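Quick look at upload_9.txt (compact mmCIF, C-alpha atoms):
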```
# COMPACT_ATOMS: atom_id res chain seq x y z
CA LYS A 1 5.25 -19.09 24.76
CA ILE A 2 5.86 -19.18 21.01
CA ILE A 3 3.67 -22.25 20.50
CA SER A 4 0.78 -20.75 22.47
CA ASP A 5 0.94 -17.35 20.71
CA ASP A 6 -2.00 -16.57 18.42
CA VAL A 7 0.13 -16.09 15.30
CA ASN A 8 0.75 -17.81 11.98
CA SER A 9 2.24 -21.34 12.24
CA SER A 10 4.95 -20.47 9.71
CA TYR A 11 6.02 -17.58 11.95
CA LYS A 12 6.21 -19.94 14.94
CA LEU A 13 8.38 -22.43 13.04
CA ALA A 14 10.70 -19.66 11.86
CA TRP A 15 11.54 -18.95 15.51
CA ILE A 16 11.33 -22.46 17.00
CA ILE A 17 13.90 -23.97 14.60
CA PRO A 18 16.79 -21.54 15.35
CA ILE A 19 15.98 -21.60 19.08
CA LEU A 20 16.15 -25.42 19.19
CA ALA A 21 19.23 -25.56 16.96
CA PHE A 22 21.18 -22.70 18.58
CA PRO A 23 19.52 -21.98 21.95
CA VAL A 24 21.70 -19.09 23.15
CA PHE A 25 21.83 -17.34 19.77
CA GLY A 26 18.20 -18.13 18.89
CA ILE A 27 16.75 -16.94 22.21
CA SER A 28 18.84 -13.75 22.09
CA ILE A 29 17.59 -12.90 18.61
CA TYR A 30 14.02 -13.71 19.61
CA LEU A 31 14.23 -11.39 22.62
CA LEU A 32 15.44 -8.63 20.30
CA PHE A 33 13.09 -9.10 17.35
CA GLY A 34 10.44 -11.69 18.17
CA GLY A 35 6.91 -11.50 19.45
CA ASN A 36 5.91 -8.44 17.41
CA ARG A 37 5.96 -6.45 20.64
CA VAL A 38 4.33 -3.05 20.68
CA SER A 39 5.45 -0.39 23.12
CA ARG A 40 2.97 1.21 25.48
CA SER A 41 3.18 4.55 23.65
CA ILE A 42 2.54 2.95 20.25
CA ARG A 43 -0.34 0.93 21.67
CA LYS A 44 -1.86 4.15 23.05
CA LYS A 45 -1.54 5.82 19.66
CA LEU A 46 -3.13 2.81 17.95
CA GLN A 47 -6.07 3.03 20.33
CA LEU A 48 -6.51 6.66 19.25
CA VAL A 49 -6.59 5.56 15.61
CA GLU A 50 -9.24 2.95 16.40
CA GLN A 51 -11.24 5.50 18.36
CA MET A 52 -11.21 7.90 15.39
CA HIS A 53 -12.42 5.15 13.06
CA ARG A 54 -15.26 4.21 15.41
CA GLU A 55 -16.29 7.83 15.81
CA HIS A 56 -16.13 9.01 12.20
CA LEU A 57 -16.70 5.88 10.09
CA VAL A 58 -20.27 4.79 10.74
CA GLN A 59 -22.05 2.27 8.55
CA GLU A 60 -25.37 3.32 7.01
CA GLY A 61 -27.90 0.52 7.44
CA GLU A 62 -29.64 1.32 4.16
CA VAL A 63 -26.50 0.57 2.14
CA ILE A 64 -25.96 -2.79 3.86
CA ASP A 65 -29.61 -3.69 3.22
CA GLN A 66 -29.10 -2.99 -0.48
CA VAL A 67 -26.09 -5.32 -0.54
CA GLU A 68 -28.07 -8.05 1.27
CA GLN A 69 -30.78 -7.93 -1.39
CA LEU A 70 -28.21 -8.37 -4.14
CA ASP A 71 -25.68 -10.82 -2.68
CA HIS A 72 -25.69 -12.41 0.77
CA GLN A 73 -22.07 -13.63 0.44
CA ALA A 74 -20.89 -10.10 -0.35
CA ARG A 75 -22.78 -8.89 2.71
CA LEU A 76 -20.85 -11.37 4.89
CA GLN A 77 -17.52 -10.17 3.49
CA MET A 78 -18.54 -6.57 4.12
CA ASN A 79 -19.65 -7.44 7.67
CA TYR A 80 -16.11 -8.61 8.45
CA LEU A 81 -14.52 -5.37 7.25
CA THR A 82 -17.14 -3.24 8.97
CA ASP A 83 -16.82 -5.02 12.32
CA VAL A 84 -13.07 -5.74 12.40
CA ALA A 85 -11.44 -3.00 10.29
CA LEU A 86 -14.17 -0.45 11.20
CA CYS A 87 -14.51 0.54 7.54
CA PRO A 88 -18.04 1.03 6.14
CA VAL A 89 -19.50 0.27 2.72
CA TYR A 90 -20.50 3.10 0.36
CA ASN A 91 -22.67 3.20 -2.74
CA ASN A 92 -22.52 6.86 -3.82
CA THR A 93 -19.01 6.41 -5.20
CA ARG A 94 -17.41 6.00 -8.59
CA ALA A 95 -14.14 4.10 -9.08
CA GLU A 96 -11.72 4.16 -12.01
CA TYR A 97 -8.80 1.78 -12.53
CA PHE A 98 -5.49 2.72 -14.16
CA SER A 99 -3.41 -0.22 -15.39
CA VAL A 100 -0.18 1.82 -15.51
CA GLY A 101 1.19 4.97 -13.93
CA GLU A 102 1.21 7.44 -16.83
CA PRO A 103 -2.57 8.05 -17.16
CA CYS A 104 -2.93 7.99 -13.38
CA PHE A 105 -0.29 10.73 -13.05
CA ALA A 106 -2.09 12.87 -15.65
CA ARG A 107 -5.35 12.51 -13.71
CA MET A 108 -3.61 13.33 -10.42
CA LYS A 109 -2.44 16.67 -11.78
CA GLN A 110 -5.91 17.49 -13.11
CA GLU A 111 -7.52 16.86 -9.71
CA LEU A 112 -4.80 18.62 -7.69
CA ILE A 113 -5.32 21.82 -9.67
CA LYS A 114 -9.04 21.76 -8.73
CA ALA A 115 -8.35 21.62 -4.96
CA LYS A 116 -10.12 24.31 -2.93
CA HIS A 117 -9.84 23.27 0.72
CA TYR A 118 -7.20 20.60 1.38
CA ILE A 119 -4.77 18.15 -0.18
CA PHE A 120 -3.50 15.16 1.81
CA LEU A 121 -0.62 13.00 0.56
CA GLU A 122 0.67 9.86 2.25
CA TYR A 123 3.33 7.83 0.41
CA PHE A 124 5.91 5.16 1.09
CA ILE A 125 8.24 6.46 -1.63
CA ILE A 126 8.72 10.03 -2.85
CA SER A 127 11.65 10.69 -5.15
CA GLU A 128 12.82 13.92 -6.79
CA GLY A 129 12.30 13.93 -10.54
CA LYS A 130 9.70 14.77 -13.16
CA MET A 131 6.72 13.21 -11.37
CA TRP A 132 7.34 14.66 -7.91
CA ASP A 133 8.64 18.01 -9.20
CA GLU A 134 5.44 18.63 -11.17
CA ILE A 135 3.25 17.61 -8.24
CA LEU A 136 5.32 19.72 -5.83
CA GLU A 137 4.90 22.77 -8.06
CA ILE A 138 1.12 22.40 -7.87
CA LEU A 139 1.23 21.79 -4.10
CA THR A 140 3.31 24.93 -3.58
CA GLN A 141 0.89 26.97 -5.67
CA LYS A 142 -2.11 25.61 -3.77
CA ALA A 143 -0.48 26.25 -0.40
CA ALA A 144 0.09 29.86 -1.45
CA GLU A 145 -3.63 30.10 -2.29
CA GLY A 146 -4.51 29.06 1.26
CA VAL A 147 -5.25 25.38 0.61
CA ASP A 148 -4.33 23.11 3.55
CA VAL A 149 -1.57 20.93 2.06
CA ARG A 150 -0.11 18.04 4.10
CA VAL A 151 2.39 15.32 3.28
CA ILE A 152 3.40 12.17 5.16
CA TYR A 153 6.26 10.10 3.78
CA ASP A 154 7.95 7.00 5.17
CA ASP A 155 11.52 7.75 6.14
CA PHE A 156 12.87 4.30 5.30
CA GLY A 157 11.06 4.23 1.94
CA CYS A 158 12.58 7.61 1.01
CA ILE A 159 16.01 7.20 2.60
CA MET A 160 17.76 6.76 -0.77
CA ASN A 161 15.50 9.20 -2.65
CA LEU A 162 15.23 12.37 -0.54
CA PRO A 163 17.94 14.40 1.19
CA MET A 164 18.08 14.43 4.98
CA GLY A 165 15.70 16.96 6.51
CA TYR A 166 13.63 17.17 3.33
CA HIS A 167 10.46 17.83 5.35
CA LYS A 168 11.88 21.23 6.29
CA LYS A 169 12.15 22.16 2.61
CA LEU A 170 8.46 21.36 2.15
CA GLU A 171 7.53 23.37 5.23
CA ALA A 172 9.42 26.34 3.78
CA ARG A 173 7.01 26.14 0.83
CA GLY A 174 3.99 26.34 3.14
CA ILE A 175 3.37 22.58 3.09
CA GLN A 176 2.86 20.77 6.38
CA CYS A 177 5.02 17.65 6.35
CA LYS A 178 5.57 14.76 8.76
CA VAL A 179 7.99 11.85 8.51
CA PHE A 180 6.64 8.45 9.50
CA SER A 181 8.93 6.43 11.78
CA PRO A 182 12.17 8.42 11.26
CA TYR A 183 15.09 6.12 10.51
CA VAL A 184 17.54 5.65 13.38
CA PRO A 185 20.69 3.59 12.62
CA VAL A 186 20.16 1.32 15.62
CA VAL A 187 19.17 -2.36 15.62
CA THR A 188 15.57 -2.33 16.81
CA PRO A 189 12.46 -4.46 16.20
CA ARG A 190 10.60 -1.27 15.27
CA LEU A 191 12.78 -0.69 12.22
CA ASN A 192 10.34 -2.67 10.08
CA ASN A 193 7.22 -0.76 11.21
CA ARG A 194 6.67 1.09 7.94
CA ASP A 195 3.84 3.03 6.32
CA HIS A 196 3.43 1.42 2.90
CA ARG A 197 0.19 3.18 1.96
CA LYS A 198 -0.26 5.45 -1.04
CA PHE A 199 -2.93 8.14 -0.66
CA MET A 200 -3.67 11.36 -2.50
CA ILE A 201 -6.88 12.97 -1.22
CA ILE A 202 -8.37 16.18 -2.61
CA ASP A 203 -11.08 17.95 -0.60
CA GLY A 204 -12.45 14.58 0.57
CA LEU A 205 -14.12 14.29 -2.84
CA VAL A 206 -11.40 12.55 -4.88
CA GLY A 207 -8.96 9.96 -3.56
CA PHE A 208 -6.12 8.10 -5.29
CA THR A 209 -4.63 4.85 -4.01
CA GLY A 210 -3.06 1.69 -5.45
CA GLY A 211 0.55 0.70 -5.97
CA ILE A 212 1.88 3.89 -7.58
CA ASN A 213 4.43 5.86 -5.56
CA LEU A 214 5.58 9.37 -6.48
CA ALA A 215 8.77 8.47 -8.34
CA ASP A 216 9.77 8.56 -12.02
CA GLU A 217 10.01 4.78 -12.52
CA TYR A 218 6.27 4.54 -11.82
CA ILE A 219 5.52 6.64 -14.92
CA ASN A 220 8.39 5.13 -16.96
CA GLU A 221 10.35 8.36 -17.10
CA LYS A 222 13.19 6.39 -15.54
CA GLU A 223 13.97 2.79 -16.47
CA ARG A 224 15.12 0.57 -13.62
CA PHE A 225 13.70 -2.91 -14.33
CA GLY A 226 12.23 -2.68 -17.81
CA HIS A 227 8.76 -1.25 -18.31
CA TRP A 228 7.32 -0.53 -14.86
CA LYS A 229 3.74 -1.62 -14.28
CA ASP A 230 1.84 -0.64 -11.16
CA CYS A 231 -1.87 0.00 -10.84
CA GLY A 232 -3.74 3.05 -9.61
CA ILE A 233 -7.30 3.58 -8.46
CA VAL A 234 -9.21 6.84 -8.09
CA LEU A 235 -12.45 7.14 -6.14
CA GLU A 236 -14.96 9.97 -6.40
CA GLY A 237 -17.73 10.41 -3.87
CA GLU A 238 -18.55 9.23 -0.36
CA GLY A 239 -16.04 6.38 -0.31
CA VAL A 240 -13.23 8.95 -0.17
CA TRP A 241 -14.31 9.83 3.37
CA SER A 242 -12.86 6.56 4.71
CA MET A 243 -9.54 7.39 3.06
CA THR A 244 -9.65 10.89 4.56
CA VAL A 245 -10.20 9.52 8.07
CA MET A 246 -7.39 7.00 7.55
CA PHE A 247 -5.02 9.83 6.64
CA LEU A 248 -6.08 12.09 9.50
CA SER A 249 -5.83 9.25 12.02
CA LEU A 250 -2.23 8.61 10.93
CA TRP A 251 -1.53 12.35 11.00
CA ASN A 252 -2.71 12.35 14.62
CA TYR A 253 -0.59 9.24 15.26
CA VAL A 254 2.53 11.03 14.01
CA THR A 255 1.83 14.45 15.55
CA GLY A 256 0.31 13.22 18.81
CA TRP A 257 -2.62 15.62 18.85
CA ARG A 258 -6.31 15.37 17.96
CA GLU A 259 -7.56 16.83 14.70
CA PRO A 260 -11.12 18.24 14.40
CA THR A 261 -11.88 15.51 11.88
CA ARG A 262 -15.52 16.37 11.20
CA ALA A 263 -14.46 19.75 9.83
CA TYR A 264 -12.91 17.94 6.85
CA ARG A 265 -16.02 16.02 5.81
CA PRO A 266 -17.47 17.60 2.64
CA VAL A 267 -21.11 17.62 1.61
CA TYR A 268 -21.56 14.68 -0.73
CA GLU A 269 -24.15 15.44 -3.36
CA PRO A 270 -26.21 12.42 -4.50
CA GLU A 271 -24.96 11.28 -7.90
CA GLU A 272 -26.51 8.96 -10.46
CA TRP A 273 -23.65 6.48 -10.31
CA ASP A 274 -25.15 3.02 -10.66
CA VAL A 275 -21.79 1.32 -10.24
CA GLY A 276 -22.20 -0.89 -7.18
CA PHE A 277 -20.42 -0.58 -3.84
CA VAL A 278 -16.95 0.25 -2.55
CA GLN A 279 -15.36 -0.45 0.83
CA PRO A 280 -11.92 1.11 1.32
CA PHE A 281 -10.19 -0.51 4.28
CA ALA A 282 -6.86 -0.31 6.09
CA ASP A 283 -4.75 -2.96 7.78
CA SER A 284 -1.96 -2.81 10.34
CA PRO A 285 0.64 -5.40 11.32
CA LEU A 286 0.27 -4.29 14.94
CA ASP A 287 -3.45 -4.79 15.55
CA GLY A 288 -3.36 -8.60 15.94
CA GLU A 289 -5.75 -9.13 13.00
CA SER A 290 -4.60 -10.20 9.51
CA VAL A 291 -7.33 -8.23 7.76
CA GLY A 292 -5.84 -8.18 4.28
CA GLU A 293 -4.97 -11.88 4.29
CA THR A 294 -8.41 -12.84 5.59
CA VAL A 295 -10.14 -10.82 2.87
CA PHE A 296 -8.06 -12.47 0.14
CA LEU A 297 -8.62 -15.97 1.52
CA ASN A 298 -12.35 -15.32 1.75
CA LEU A 299 -12.55 -14.02 -1.81
CA ILE A 300 -10.61 -17.02 -3.17
CA ALA A 301 -12.75 -19.50 -1.22
CA LYS A 302 -15.98 -17.95 -2.54
CA ALA A 303 -14.87 -17.59 -6.16
CA LYS A 304 -17.27 -19.13 -8.68
CA LYS A 305 -15.46 -18.70 -12.00
CA SER A 306 -12.03 -17.09 -11.80
CA VAL A 307 -9.26 -15.73 -9.59
CA TYR A 308 -6.80 -13.40 -11.34
CA ILE A 309 -3.86 -12.09 -9.32
CA MET A 310 -1.17 -9.62 -10.37
CA THR A 311 1.52 -9.03 -7.76
CA PRO A 312 5.16 -7.90 -7.64
CA TYR A 313 5.96 -10.41 -4.86
CA LEU A 314 4.49 -13.88 -4.41
CA ILE A 315 5.49 -14.87 -0.87
CA LEU A 316 2.84 -17.35 0.25
CA ASP A 317 2.19 -19.15 3.51
CA GLY A 318 0.53 -22.56 3.71
CA LYS A 319 -3.01 -21.18 3.99
CA MET A 320 -2.74 -19.06 0.85
CA THR A 321 -0.99 -21.76 -1.18
CA ASN A 322 -3.64 -24.29 -0.21
CA ALA A 323 -6.49 -21.87 -1.01
CA LEU A 324 -5.14 -21.25 -4.52
CA ARG A 325 -4.48 -24.94 -5.19
CA VAL A 326 -7.91 -26.00 -3.98
CA ALA A 327 -9.56 -23.32 -6.11
CA ALA A 328 -7.70 -24.53 -9.21
CA LYS A 329 -8.49 -28.19 -8.49
CA THR A 330 -12.20 -27.43 -8.18
CA GLY A 331 -12.24 -25.90 -11.67
CA ILE A 332 -11.80 -22.21 -10.88
CA ASP A 333 -9.71 -20.40 -13.53
CA VAL A 334 -6.72 -19.31 -11.41
CA ARG A 335 -4.05 -17.15 -13.04
CA LEU A 336 -1.09 -15.26 -11.56
CA VAL A 337 1.08 -12.58 -13.16
CA THR A 338 4.43 -11.68 -11.61
CA PRO A 339 7.29 -9.51 -12.97
CA GLY A 340 9.80 -10.99 -15.39
CA ILE A 341 12.57 -8.67 -14.17
CA PRO A 342 13.18 -8.66 -10.41
CA ASP A 343 13.79 -5.55 -8.32
CA LYS A 344 14.83 -7.68 -5.32
CA LYS A 345 16.65 -10.88 -6.30
CA TYR A 346 16.14 -12.74 -3.02
CA VAL A 347 12.42 -12.00 -3.02
CA TYR A 348 12.29 -13.02 -6.70
CA ALA A 349 13.85 -16.39 -5.80
CA LEU A 350 11.15 -16.90 -3.15
CA THR A 351 8.49 -15.89 -5.68
CA LYS A 352 9.72 -18.45 -8.23
CA ALA A 353 9.86 -21.16 -5.54
CA ASN A 354 6.05 -20.97 -5.40
CA TYR A 355 5.54 -21.58 -9.12
CA GLU A 356 5.92 -25.35 -9.37
CA PRO A 357 3.45 -26.47 -6.65
CA LEU A 358 0.88 -23.98 -7.97
CA LYS A 359 1.36 -25.10 -11.58
CA ARG A 360 0.98 -28.76 -10.56
CA ALA A 361 -2.43 -27.89 -9.11
CA GLY A 362 -3.46 -26.32 -12.39
```
For the file at hand, write its structure as structure tokens.
Amino acid sequence: KIISDDVNSSYKLAWIIPILAFPVFGISIYLLFGGNRVSRSIRKKLQLVEQMHREHLVQEGEVIDQVEQLDHQARLQMNYLTDVALCPVYNNTRAEYFSVGEPCFARMKQELIKAKHYIFLEYFIISEGKMWDEILEILTQKAAEGVDVRVIYDDFGCIMNLPMGYHKKLEARGIQCKVFSPYVPVVTPRLNNRDHRKFMIIDGLVGFTGGINLADEYINEKERFGHWKDCGIVLEGEGVWSMTVMFLSLWNYVTGWREPTRAYRPVYEPEEWDVGFVQPFADSPLDGESVGETVFLNLIAKAKKSVYIMTPYLILDGKMTNALRVAAKTGIDVRLVTPGIPDKKYVYALTKANYEPLKRAG
């Protein structure tokens, strides 16, 4: 069964070795945790998410035609995300990159204050402190003004940062709040089904994403592992609609009821932003498709000059290692930046284990 499963070969080996070496123990652990099984109720919810994406995220043919005229290879990459992840391409969108958390936080507060209709937040980590307290103050004020304010946070990501029942405190402030996958102290294969996304969406017009959570270390108000560097991205324009649908589909997933999604789509005024194209997309470990990995592999394979990667964790499988080594050997300028101070020592050891074979390839 394991050999015939349509999963990564490294994953297969990770199960086959303990099962062959310790059959009773290995098979027992596999029955508990293996196979990435999805319950019937979760599968039904995931189908609802897919249905929402199909219904509300429709690709405009004119935009794809513009991409085709400029770059056929880019069109092929976009085809994959449109067909598999159900996430369209947009052109009437401006993007800005923040290399660290401090300027991103300042911009977040500016945009939150402008909110007129709704504010949607979805974060893996929220922690009480300067960053969250200042944002919460604005959210409370906006909720009092009649703005629809909603928060989703991952229970496992916040287990050490927020007190138990924190969602009730937010609801007392007029903020709708849902906890993703509430932590239950029971050994279960679903324990690792986490929501690692970071979204802040204002009126469907402005959307923040990236690696920045809502905690003080991300703006260097609190030092944990030296100077903390995570990136942020803000979109303005039509591309934010995909992020809005992603949030609302997860909100429906958590609450179990259908949201009138179209009511949240704003009127996007045409802007003179000659800045190219954006394609926000989401991935899930439960949909049987490694969307994120496929996109990265495709980008690396089609690189013409350089591949620059900055990542907190470098845990590579054979396909990714080979793609990077081949790119370097063909003359592509391949560079990787990883942290010098680890936040997880075991993961850091795995990260460093990848250095030597990559360096040997150039």
(message) From the options A:Arg150, A:Phe156, A:Glu50, A:Leu139, which residue's atoms come nearest to Ile113 in chain A, counting all atoms listed in the file?
(response) A:Leu139
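The nearest approach to Glu171 in chain A among the residues A:Val240, A:Ala215, A:Ile159, A:Ala144, with only C-alpha atoms taken into account, belongs to A:Ala144.
Of the listed residues A:Leu48, A:Ala349, A:Leu70, A:Val326, the one whose atoms come nearest to Asn252 in chain A is A:Leu48, with distances taken using only C-alpha atoms.
If you look at CA of Glu221 in chain A and CA of Lys130 in chain A, they are 7.6 Å away from each other.
We find CA of Leu235 in chain A and CA of Thr82 in chain A to be spaced 18.9 Å apart.
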(message) Excluding Trp241 in chain A and its own-chain neighbours fewer than 3 positions away, which residues fall within 7 Å of it when counting all atoms listed in the file? Please give them as a PyMOL selection string.
(response) chain A and resi 204+238+244-245+265
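Relative to CA of Glu269 in chain A, CA of Asp65 in chain A is found at 21.0 Å.
Minimum distance to Thr351 in chain A across A:Pro182, A:Gly129, A:Gly174, A:Pro312 (counting all atoms listed in the file) occurs at A:Pro312.
Considering the residues A:Arg43, A:Lys345, A:His196, A:His227 and counting only C-alpha atoms, Cys158 in chain A has its shortest atom-to-atom contact with A:His196.
Using all atoms listed in the file, the smallest distance between any of A:Ile125, A:Met52, A:Ala323, A:Val337 and Met246 in chain A comes from A:Met52.
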N, CA, C and O atoms are needed for range 74-87 of chain A; please write them out as a PDB file, in the coordinates of the input.
```
ATOM      1  N   ALA A  74     -21.583 -11.394  -0.387  1.00  0.00           N
ATOM      2  CA  ALA A  74     -20.890 -10.100  -0.350  1.00  0.00           C
ATOM      3  C   ALA A  74     -21.185  -9.386   0.962  1.00  0.00           C
ATOM      4  O   ALA A  74     -20.307  -8.740   1.549  1.00  0.00           O
ATOM      5  N   ARG A  75     -22.408  -9.512   1.427  1.00  0.00           N
ATOM      6  CA  ARG A  75     -22.780  -8.890   2.710  1.00  0.00           C
ATOM      7  C   ARG A  75     -21.917  -9.461   3.842  1.00  0.00           C
ATOM      8  O   ARG A  75     -21.466  -8.722   4.718  1.00  0.00           O
ATOM      9  N   LEU A  76     -21.674 -10.759   3.841  1.00  0.00           N
ATOM     10  CA  LEU A  76     -20.850 -11.370   4.890  1.00  0.00           C
ATOM     11  C   LEU A  76     -19.419 -10.842   4.842  1.00  0.00           C
ATOM     12  O   LEU A  76     -18.811 -10.563   5.879  1.00  0.00           O
ATOM     13  N   GLN A  77     -18.881 -10.724   3.633  1.00  0.00           N
ATOM     14  CA  GLN A  77     -17.520 -10.170   3.490  1.00  0.00           C
ATOM     15  C   GLN A  77     -17.474  -8.744   4.022  1.00  0.00           C
ATOM     16  O   GLN A  77     -16.554  -8.353   4.743  1.00  0.00           O
ATOM     17  N   MET A  78     -18.491  -7.958   3.678  1.00  0.00           N
ATOM     18  CA  MET A  78     -18.540  -6.570   4.120  1.00  0.00           C
ATOM     19  C   MET A  78     -18.723  -6.468   5.631  1.00  0.00           C
ATOM     20  O   MET A  78     -18.194  -5.559   6.279  1.00  0.00           O
ATOM     21  N   ASN A  79     -19.475  -7.416   6.212  1.00  0.00           N
ATOM     22  CA  ASN A  79     -19.650  -7.440   7.670  1.00  0.00           C
ATOM     23  C   ASN A  79     -18.290  -7.537   8.368  1.00  0.00           C
ATOM     24  O   ASN A  79     -18.041  -6.875   9.376  1.00  0.00           O
ATOM     25  N   TYR A  80     -17.425  -8.406   7.832  1.00  0.00           N
ATOM     26  CA  TYR A  80     -16.110  -8.610   8.450  1.00  0.00           C
ATOM     27  C   TYR A  80     -15.326  -7.295   8.463  1.00  0.00           C
ATOM     28  O   TYR A  80     -14.760  -6.901   9.494  1.00  0.00           O
ATOM     29  N   LEU A  81     -15.294  -6.612   7.325  1.00  0.00           N
ATOM     30  CA  LEU A  81     -14.520  -5.370   7.250  1.00  0.00           C
ATOM     31  C   LEU A  81     -15.141  -4.259   8.081  1.00  0.00           C
ATOM     32  O   LEU A  81     -14.429  -3.428   8.642  1.00  0.00           O
ATOM     33  N   THR A  82     -16.461  -4.260   8.165  1.00  0.00           N
ATOM     34  CA  THR A  82     -17.140  -3.240   8.970  1.00  0.00           C
ATOM     35  C   THR A  82     -16.874  -3.459  10.453  1.00  0.00           C
ATOM     36  O   THR A  82     -16.589  -2.513  11.195  1.00  0.00           O
ATOM     37  N   ASP A  83     -16.948  -4.716  10.895  1.00  0.00           N
ATOM     38  CA  ASP A  83     -16.820  -5.020  12.320  1.00  0.00           C
ATOM     39  C   ASP A  83     -15.366  -5.041  12.794  1.00  0.00           C
ATOM     40  O   ASP A  83     -15.067  -4.597  13.900  1.00  0.00           O
ATOM     41  N   VAL A  84     -14.455  -5.557  11.962  1.00  0.00           N
ATOM     42  CA  VAL A  84     -13.070  -5.740  12.400  1.00  0.00           C
ATOM     43  C   VAL A  84     -12.185  -4.564  12.008  1.00  0.00           C
ATOM     44  O   VAL A  84     -11.415  -4.047  12.824  1.00  0.00           O
ATOM     45  N   ALA A  85     -12.274  -4.113  10.748  1.00  0.00           N
ATOM     46  CA  ALA A  85     -11.440  -3.000  10.290  1.00  0.00           C
ATOM     47  C   ALA A  85     -12.120  -1.650  10.499  1.00  0.00           C
ATOM     48  O   ALA A  85     -11.510  -0.610  10.258  1.00  0.00           O
ATOM     49  N   LEU A  86     -13.401  -1.678  10.925  1.00  0.00           N
ATOM     50  CA  LEU A  86     -14.170  -0.450  11.200  1.00  0.00           C
ATOM     51  C   LEU A  86     -14.262   0.439   9.970  1.00  0.00           C
ATOM     52  O   LEU A  86     -14.157   1.660  10.048  1.00  0.00           O
ATOM     53  N   CYS A  87     -14.452  -0.194   8.814  1.00  0.00           N
ATOM     54  CA  CYS A  87     -14.510   0.540   7.540  1.00  0.00           C
ATOM     55  C   CYS A  87     -15.836   0.245   6.850  1.00  0.00           C
ATOM     56  O   CYS A  87     -16.095  -0.894   6.447  1.00  0.00           O
TER      57      CYS A  87
END
```
